[in-house]
>>> print(open('protein.cif').read())   # mmCIF, C-alpha atoms and all ligand atoms
data_protein
#
loop_
_atom_site.label_atom_id
_atom_site.label_comp_id
_atom_site.auth_asym_id
_atom_site.auth_seq_id
_atom_site.Cartn_x
_atom_site.Cartn_y
_atom_site.Cartn_z
CA MET F 1 117.91 91.53 90.55
CA ARG F 2 118.56 88.53 88.29
CA ARG F 3 115.82 88.51 85.69
CA SER F 4 115.92 84.69 85.51
CA SER F 5 115.35 84.40 89.27
CA LYS F 6 112.86 81.73 90.31
CA SER F 7 112.42 83.41 93.70
CA ARG F 8 108.97 84.79 94.31
CA LEU F 9 108.43 88.52 94.17
CA THR F 10 106.77 89.68 97.40
CA PRO F 11 106.08 93.06 99.01
CA LYS F 12 109.69 92.92 100.27
CA GLN F 13 110.87 93.57 96.70
CA LEU F 14 108.66 96.64 96.14
CA SER F 15 111.66 98.94 96.56
CA HIS F 16 113.27 97.44 93.42
CA PHE F 17 110.54 99.04 91.31
CA PRO F 18 110.13 102.64 92.51
CA SER F 19 109.61 104.55 89.26
CA ASP F 20 106.54 105.88 87.44
CA THR F 21 107.13 103.63 84.43
CA LEU F 22 104.42 101.21 83.38
CA PHE F 23 106.82 98.32 83.92
CA ASP F 24 107.50 99.31 87.54
CA LYS F 25 103.77 99.73 88.16
CA ILE F 26 103.19 96.20 86.85
CA ALA F 27 106.13 94.86 88.88
CA ARG F 28 104.75 96.44 92.05
CA ALA F 29 101.38 94.76 91.42
CA VAL F 30 103.17 91.41 90.97
CA CYS F 31 105.09 92.01 94.22
CA ARG F 32 101.85 92.74 96.05
CA ALA F 33 100.32 89.51 94.70
CA GLY F 34 103.32 87.66 96.14
CA VAL F 35 102.80 84.55 94.00
CA LEU F 36 105.08 84.82 90.95
CA PRO F 37 108.79 84.19 90.42
CA ALA F 38 110.65 87.23 89.08
CA LYS F 39 111.38 85.39 85.83
CA GLU F 40 107.66 85.18 85.01
CA LEU F 41 107.28 88.95 85.31
CA PHE F 42 110.19 89.75 82.99
CA GLU F 43 109.26 87.02 80.53
CA ALA F 44 105.61 88.04 80.22
CA TRP F 45 106.53 91.73 79.90
CA GLU F 46 109.14 91.18 77.17
CA VAL F 47 106.74 88.95 75.21
CA ALA F 48 103.73 91.25 75.62
CA ARG F 49 105.53 94.41 74.48
CA ARG F 50 106.99 92.70 71.39
CA VAL F 51 103.65 91.21 70.43
CA ARG F 52 101.82 94.50 70.95
CA ARG F 53 104.29 96.34 68.71
CA LYS F 54 102.92 94.21 65.87
CA TYR F 55 99.44 93.08 66.84
CA ARG F 56 96.77 95.40 68.25
CA GLY F 57 93.24 94.59 69.39
CA GLY F 58 91.56 91.21 69.14
CA ARG F 59 90.25 88.92 71.84
CA ILE F 60 93.31 87.54 73.66
CA VAL F 61 93.50 83.77 74.01
CA ASP F 62 96.41 82.76 76.27
CA LEU F 63 96.68 78.99 75.70
CA ALA F 64 98.41 76.95 78.44
CA GLY F 65 98.41 80.31 80.18
CA GLY F 66 99.22 79.14 83.73
CA HIS F 67 99.36 82.19 86.00
CA GLY F 68 97.85 84.37 83.26
CA LEU F 69 100.10 87.41 83.62
CA LEU F 70 100.62 87.60 79.85
CA ALA F 71 96.86 87.86 79.23
CA HIS F 72 96.61 90.73 81.70
CA LEU F 73 99.56 92.57 80.18
CA MET F 74 98.11 92.24 76.70
CA LEU F 75 95.04 94.21 77.87
CA VAL F 76 97.06 96.69 79.91
CA LEU F 77 99.17 97.48 76.82
CA ASP F 78 96.21 97.75 74.46
CA ASP F 79 92.73 98.50 75.75
CA ARG F 80 91.24 97.85 72.32
CA SER F 81 91.19 94.14 73.13
CA PRO F 82 87.79 93.60 74.72
CA GLU F 83 88.69 90.59 76.83
CA ALA F 84 91.23 87.88 77.47
CA PHE F 85 90.94 84.15 78.18
CA VAL F 86 93.57 82.19 80.10
CA VAL F 87 93.08 78.54 79.15
CA ASP F 88 94.88 75.87 81.16
CA THR F 89 94.05 72.32 82.28
CA ALA F 90 95.60 73.01 85.68
CA LEU F 91 95.25 76.70 86.50
CA PRO F 92 97.66 77.34 89.40
CA PRO F 93 96.38 79.10 92.55
CA SER F 94 98.63 82.02 91.54
CA ALA F 95 96.25 82.80 88.65
CA ARG F 96 93.40 83.96 90.90
CA ALA F 97 95.67 85.81 93.31
CA LEU F 98 97.38 87.62 90.47
CA ALA F 99 94.11 88.46 88.70
CA ALA F 100 92.73 90.01 91.89
CA VAL F 101 95.72 92.34 92.28
CA MET F 102 95.84 93.25 88.59
CA VAL F 103 92.15 94.20 88.59
CA ASP F 104 92.65 96.14 91.80
CA THR F 105 95.47 98.08 90.11
CA TRP F 106 93.70 98.48 86.74
CA PRO F 107 89.95 98.56 87.55
CA ARG F 108 89.18 98.77 83.81
CA LEU F 109 90.17 95.06 83.60
CA GLN F 110 87.24 94.08 85.83
CA GLY F 111 85.17 91.31 84.20
CA ARG F 112 87.37 91.18 81.11
CA ILE F 113 89.83 88.42 82.08
CA HIS F 114 88.45 84.91 82.16
CA LEU F 115 90.32 82.01 83.75
CA VAL F 116 89.21 78.83 81.97
CA ALA F 117 90.17 75.44 83.44
CA ALA F 118 90.16 73.43 80.21
CA ALA F 119 92.40 71.75 77.68
CA ILE F 120 93.33 73.94 74.75
CA GLU F 121 91.58 71.42 72.50
CA ALA F 122 88.25 72.27 74.17
CA PHE F 123 88.51 76.03 73.61
CA GLU F 124 87.09 77.54 70.43
CA VAL F 125 89.43 80.01 68.74
CA THR F 126 87.92 82.49 66.26
CA PRO F 127 89.58 84.30 63.31
CA ASP F 128 89.59 87.64 65.15
CA ASP F 129 91.45 86.24 68.15
CA LEU F 130 95.08 86.86 69.01
CA VAL F 131 96.46 83.55 70.29
CA VAL F 132 99.44 83.84 72.65
CA SER F 133 101.32 81.12 74.45
CA VAL F 134 104.49 81.21 76.53
CA HIS F 135 106.36 77.99 77.20
CA ALA F 136 103.73 75.49 76.18
CA CYS F 137 105.98 72.48 76.70
CA GLY F 138 107.13 70.33 73.80
CA THR F 139 104.42 69.36 71.35
CA LEU F 140 101.85 71.51 73.18
CA THR F 141 103.30 74.45 71.22
CA ASP F 142 102.58 72.52 67.98
CA ARG F 143 98.98 72.06 69.11
CA VAL F 144 98.70 75.76 69.94
CA ILE F 145 99.95 76.60 66.45
CA ASP F 146 97.50 74.12 64.91
CA LYS F 147 94.59 75.70 66.79
CA ALA F 148 95.48 79.20 65.59
CA VAL F 149 95.96 78.03 62.00
CA GLN F 150 92.65 76.10 61.96
CA ALA F 151 90.87 79.30 63.02
CA GLY F 152 92.96 81.62 60.82
CA ALA F 153 93.91 83.64 63.91
CA ARG F 154 97.02 85.70 64.67
CA LEU F 155 99.59 83.91 66.78
CA ALA F 156 102.57 84.52 69.08
CA VAL F 157 104.39 81.64 70.79
CA LEU F 158 107.54 81.38 72.88
CA PRO F 159 108.29 77.62 72.70
CA CYS F 160 110.18 75.54 75.27
CA CYS F 161 111.17 71.96 76.14
CA HIS F 162 111.48 70.94 72.48
CA ASP F 163 110.79 67.23 71.99
CA LEU F 164 113.23 65.98 69.36
CA LYS F 165 111.36 62.68 69.06
CA LEU F 166 107.82 63.99 68.72
CA SER F 167 108.16 67.40 67.03
CA ASP F 168 109.26 67.71 63.40
CA THR F 169 112.94 68.67 62.98
CA GLY F 170 112.63 68.58 59.18
CA GLY F 171 115.90 66.60 59.06
CA LEU F 172 117.77 69.84 59.80
CA GLU F 173 119.49 68.71 62.99
CA GLY F 174 122.65 67.75 61.02
CA TRP F 175 123.22 71.49 60.44
CA ILE F 176 121.55 73.26 63.34
CA ALA F 177 120.60 72.36 66.89
CA GLY F 178 117.49 70.18 67.15
CA PRO F 179 115.36 72.70 69.11
CA LEU F 180 116.16 75.43 66.57
CA ALA F 181 115.33 72.99 63.74
CA ILE F 182 111.91 72.39 65.29
CA ASP F 183 111.20 76.12 65.48
CA VAL F 184 112.41 76.66 61.90
CA VAL F 185 110.04 73.92 60.71
CA ARG F 186 107.21 75.52 62.72
CA ALA F 187 107.85 78.84 60.99
CA ALA F 188 108.00 77.15 57.57
CA ARG F 189 104.75 75.28 58.27
CA LEU F 190 103.04 78.55 59.14
CA ALA F 191 104.27 80.07 55.88
CA ASP F 192 102.98 77.00 53.98
CA ASN F 193 99.60 77.63 55.59
CA GLY F 194 99.41 81.16 54.21
CA TYR F 195 100.88 82.98 57.19
CA THR F 196 103.38 85.84 57.28
CA VAL F 197 106.01 84.95 59.87
CA MET F 198 108.07 87.27 62.07
CA THR F 199 110.86 86.06 64.33
CA ARG F 200 112.06 87.80 67.45
CA THR F 201 113.90 86.92 70.66
CA ILE F 202 113.46 88.09 74.22
CA PRO F 203 116.64 88.72 76.27
CA ALA F 204 118.48 85.45 76.96
CA ASP F 205 119.32 86.48 80.53
CA ILE F 206 115.62 85.91 81.35
CA THR F 207 115.30 82.49 79.73
CA PRO F 208 117.33 80.41 77.26
CA HIS F 209 113.98 79.42 75.69
CA ASN F 210 113.72 82.87 74.17
CA ARG F 211 112.63 82.49 70.52
CA LEU F 212 109.41 84.37 69.87
CA LEU F 213 107.47 83.33 66.78
CA LEU F 214 104.77 85.71 65.53
CA ALA F 215 102.51 84.98 62.59
CA HIS F 216 99.36 86.29 60.98
CA PRO F 217 97.36 85.19 57.91
CA ARG F 218 98.91 86.82 54.84
CA LYS F 219 95.57 88.28 53.78
CA MET F 220 95.21 90.02 57.16
CA MET F 221 96.85 93.33 58.07
CA PRO F 222 99.13 92.78 61.11
C1 LIG S 301 105.40 75.49 81.50
S1 LIG S 301 103.74 75.91 81.90
C2 LIG S 301 103.61 77.53 81.16
C3 LIG S 301 102.56 78.33 81.86
C4 LIG S 301 102.55 79.82 81.48
N1 LIG S 301 102.23 80.04 80.10
C5 LIG S 301 103.87 80.48 81.83
O1 LIG S 301 104.43 81.17 80.99
O2 LIG S 301 104.32 80.33 82.97
C6 LIG S 301 102.77 74.90 80.82
C7 LIG S 301 101.29 74.94 81.17
O3 LIG S 301 100.59 74.14 80.23
C8 LIG S 301 99.45 73.60 80.86
N2 LIG S 301 98.94 72.51 80.01
C9 LIG S 301 99.49 71.32 79.73
N3 LIG S 301 98.74 70.64 78.84
C10 LIG S 301 97.69 71.44 78.54
C11 LIG S 301 96.56 71.33 77.67
N4 LIG S 301 96.37 70.25 76.90
N5 LIG S 301 95.68 72.33 77.60
C12 LIG S 301 95.85 73.45 78.37
N6 LIG S 301 96.90 73.62 79.20
C13 LIG S 301 97.81 72.63 79.29
C14 LIG S 301 99.98 73.19 82.22
O4 LIG S 301 98.95 73.04 83.17
C15 LIG S 301 100.92 74.36 82.53
O5 LIG S 301 100.26 75.37 83.27
#
>>> encode(input="protein.cif", output="structure tokens")
Amino acid sequence: MRRSSKSRLTPKQLSHFPSDTLFDKIARAVCRAGVLPAKELFEAWEVARRVRRKYRGGRIVDLAGGHGLLAHLMLVLDDRSPEAFVVDTALPPSARALAAVMVDTWPRLQGRIHLVAAAIEAFEVTPDDLVVSVHACGTLTDRVIDKAVQAGARLAVLPCCHDLKLSDTGGLEGWIAGPLAIDVVRAARLADNGYTVMTRTIPADITPHNRLLLAHPRKMMP
């Protein structure tokens, strides 16, 4: 199966994920939900496992969370997080369908995942939160970063759709590609704000928008 596939996973694809691994169990749940493209499964999984290698616990705040799979995976991978919020102005119908199947598969998630139809600006982030955001388009990623920094919260973003006119390239686009310049400036801005920055990528065969930026306040243990 192509991991970048935009075709929906449905019960017909269950046979692709036969093993006892956690990933296959998650994939089978996504197939049963029948609402998500394959790419979203692989993307959320690769982000969640990298973030959890560094950041444990904390209330999960998935900003511009869309279908919300990432929020669910963050709790599946670390039960120390008490709850997760998926915040999105236009929660897609897939969010409820997916949440129902995930809770059915992991009953311990019952009542711990909250789908919030709101702009990220309206959601209060606290210092103990772990803010995550996958593919918040263009300057929305900048606003996600700002929200985490204002609260002093840990952060993990996978940016996309870089806006060369509106986001800060730091004048670096003469040396490096504009989208990379924007992400470099984002990392530098986090460091200027007292954050320790870690840079990762997820496999490029899933998405070309694969730079993962993790950051936590320097005074805080990761
Ligand atoms: C490209 S989608 C990414 C969704 C999801 N994170 C994913 O990985 O599939 C961007 C999402 O941002 C949401 N969005 C746009 N502006 C927003 C805002 N100001 N506050 C919250 N969500 C917003 C959209 O409704 C959309 O679901």
>>> residues_around(input="protein.cif", residues="Arg211 in chain F", least_positions_apart="4", cutoff="7 Å", atoms="all atoms listed in the file", output="JSON list (two decimals) with C-alpha atoms, keeping the file's coordinate frame")
[["chain", "number", "residue", "atom", "x", "y", "z"],
["F", 158, "LEU", "CA", 107.54, 81.38, 72.88],
["F", 159, "PRO", "CA", 108.29, 77.62, 72.70],
["F", 200, "ARG", "CA", 112.06, 87.80, 67.45],
["F", 201, "THR", "CA", 113.90, 86.92, 70.66],
["F", 202, "ILE", "CA", 113.46, 88.09, 74.22]]
>>> residues_around(input="protein.cif", residues="Ala119 in chain F", least_positions_apart="2", cutoff="12 Å", atoms="all atoms listed in the file", output="PyMOL selection string")
chain F and resi 62-66+86-91+116-117+121-124+140+143-144+147
>>> write_last_selection(input="protein.cif", atoms="C-alpha atoms", output="CSV table (one decimal), keeping the file's coordinate frame")
chain,number,residue,atom,x,y,z
F,62,ASP,CA,96.4,82.8,76.3
F,63,LEU,CA,96.7,79.0,75.7
F,64,ALA,CA,98.4,77.0,78.4
F,65,GLY,CA,98.4,80.3,80.2
F,66,GLY,CA,99.2,79.1,83.7
F,86,VAL,CA,93.6,82.2,80.1
F,87,VAL,CA,93.1,78.5,79.2
F,88,ASP,CA,94.9,75.9,81.2
F,89,THR,CA,94.0,72.3,82.3
F,90,ALA,CA,95.6,73.0,85.7
F,91,LEU,CA,95.2,76.7,86.5
F,116,VAL,CA,89.2,78.8,82.0
F,117,ALA,CA,90.2,75.4,83.4
F,121,GLU,CA,91.6,71.4,72.5
F,122,ALA,CA,88.2,72.3,74.2
F,123,PHE,CA,88.5,76.0,73.6
F,124,GLU,CA,87.1,77.5,70.4
F,140,LEU,CA,101.8,71.5,73.2
F,143,ARG,CA,99.0,72.1,69.1
F,144,VAL,CA,98.7,75.8,69.9
F,147,LYS,CA,94.6,75.7,66.8
>>> axis_aligned_box(input="protein.cif", around="range 198-201 of chain F", padding_each_side="4 Å", output="lines of an AutoDock Vina configuration file")
center_x = 111.0
center_y = 86.9
center_z = 66.4
size_x = 13.8
size_y = 9.7
size_z = 16.6
>>> atom_distance(input="protein.cif", atom1="CA of Asp104 in chain F", atom2="CA of Ser4 in chain F")
26.7 Å
>>> closest_residue(input="protein.cif", among="F:Asp129, F:Asp20, F:Asp78, F:Asp142", to="ligand LIG 301 (chain S)", atoms="only C-alpha atoms and all ligand atoms")
F:Asp142
>>> atom_distance(input="protein.cif", atom1="CA of Gly68 in chain F", atom2="CA of Ala215 in chain F")
21.2 Å
>>> closest_residue(input="protein.cif", among="F:Arg186, F:Arg154, F:Arg52, F:His67", to="Leu36 in chain F", atoms="all atoms listed in the file")
F:His67
>>> closest_residue(input="protein.cif", among="F:Thr199, F:Thr139, F:Ser133, F:Thr105", to="ligand LIG 301 (chain S)", atoms="only C-alpha atoms and all ligand atoms")
F:Ser133
>>> residues_around(input="protein.cif", residues="Ala27 in chain F", least_positions_apart="2", cutoff="8 Å", atoms="only C-alpha atoms", output="list in words")
Leu14, Phe17, Phe23, Asp24, Lys25, Ala29, Val30, Cys31 and Leu41 of chain F
>>> closest_residue(input="protein.cif", among="F:Arg49, F:Arg189, F:His16, F:His209", to="ligand LIG 301 (chain S)", atoms="all atoms listed in the file")
F:His209
>>> closest_residue(input="protein.cif", among="F:Ala136, F:Val197, F:Ala153, F:Leu214", to="ligand LIG 301 (chain S)", atoms="all atoms listed in the file")
F:Ala136
>>> residues_near_point(input="protein.cif", point="(114.9, 71.5, 75.1)", cutoff="9 Å", atoms="only C-alpha atoms", output="list in words")
Gly138, Cys160, Cys161, His162, Asp163, Leu164, Gly178, Pro179 and His209 of chain F
>>> residues_near_point(input="protein.cif", point="(95.9, 78.4, 62.4)", cutoff="10 Å", atoms="only C-alpha atoms", output="ChimeraX atom specification")
/F:125-127,131,143-155,190,193-195,215-217
>>> atom_distance(input="protein.cif", atom1="CA of Ala33 in chain F", atom2="atom C12 of ligand LIG 301 (chain S)")
23.3 Å
>>> decode(input="protein.cif", residues="range 139-205 of chain F", atoms="C-alpha atoms", output="tab-separated table (two decimals), in the first residue's frame")
chain	number	residue	atom	x	y	z
F	139	THR	CA	0.49	31.00	8.98
F	140	LEU	CA	-1.83	28.86	11.12
F	141	THR	CA	1.31	26.99	12.20
F	142	ASP	CA	2.81	30.33	13.32
F	143	ARG	CA	-0.30	30.98	15.40
F	144	VAL	CA	-0.10	27.49	16.92
F	145	ILE	CA	3.53	28.18	17.88
F	146	ASP	CA	2.56	31.56	19.34
F	147	LYS	CA	-0.16	29.96	21.48
F	148	ALA	CA	2.22	27.36	22.89
F	149	VAL	CA	4.91	29.97	23.59
F	150	GLN	CA	2.46	32.35	25.30
F	151	ALA	CA	1.47	29.53	27.65
F	152	GLY	CA	5.00	28.15	28.06
F	153	ALA	CA	3.79	24.74	26.86
F	154	ARG	CA	5.61	21.94	25.04
F	155	LEU	CA	5.05	21.88	21.31
F	156	ALA	CA	5.24	19.61	18.25
F	157	VAL	CA	4.24	20.84	14.79
F	158	LEU	CA	4.46	19.37	11.30
F	159	PRO	CA	4.02	22.48	9.11
F	160	CYS	CA	2.63	22.60	5.56
F	161	CYS	CA	1.57	25.01	2.80
F	162	HIS	CA	4.25	27.56	3.72
F	163	ASP	CA	3.20	31.10	2.80
F	164	LEU	CA	6.30	32.89	1.52
F	165	LYS	CA	4.52	36.24	1.61
F	166	LEU	CA	3.03	36.08	5.09
F	167	SER	CA	5.44	33.91	7.12
F	168	ASP	CA	8.93	35.14	8.02
F	169	THR	CA	11.69	33.72	5.79
F	170	GLY	CA	14.36	35.69	7.67
F	171	GLY	CA	15.85	36.70	4.30
F	172	LEU	CA	17.29	33.19	3.99
F	173	GLU	CA	15.58	32.24	0.73
F	174	GLY	CA	18.69	33.30	-1.27
F	175	TRP	CA	20.48	30.27	0.23
F	176	ILE	CA	17.78	27.75	1.03
F	177	ALA	CA	14.28	27.02	-0.22
F	178	GLY	CA	11.64	29.43	1.09
F	179	PRO	CA	9.58	26.82	3.01
F	180	LEU	CA	12.73	25.55	4.74
F	181	ALA	CA	13.72	29.16	5.55
F	182	ILE	CA	10.34	29.68	7.24
F	183	ASP	CA	10.80	26.58	9.38
F	184	VAL	CA	14.38	27.56	10.28
F	185	VAL	CA	13.12	30.98	11.40
F	186	ARG	CA	10.36	29.28	13.43
F	187	ALA	CA	12.96	27.15	15.19
F	188	ALA	CA	15.17	30.19	15.84
F	189	ARG	CA	12.20	32.16	17.20
F	190	LEU	CA	11.42	29.34	19.62
F	191	ALA	CA	15.04	29.34	20.80
F	192	ASP	CA	14.87	33.14	21.26
F	193	ASN	CA	11.82	32.58	23.44
F	194	GLY	CA	13.71	30.28	25.79
F	195	TYR	CA	12.83	26.98	24.15
F	196	THR	CA	15.02	23.96	23.47
F	197	VAL	CA	14.38	22.90	19.88
F	198	MET	CA	14.57	19.42	18.35
F	199	THR	CA	14.18	18.76	14.64
F	200	ARG	CA	13.00	15.51	13.11
F	201	THR	CA	11.42	14.32	9.86
F	202	ILE	CA	8.79	11.72	9.14
F	203	PRO	CA	9.30	9.50	6.06
F	204	ALA	CA	8.98	11.54	2.85
F	205	ASP	CA	7.04	8.78	1.08
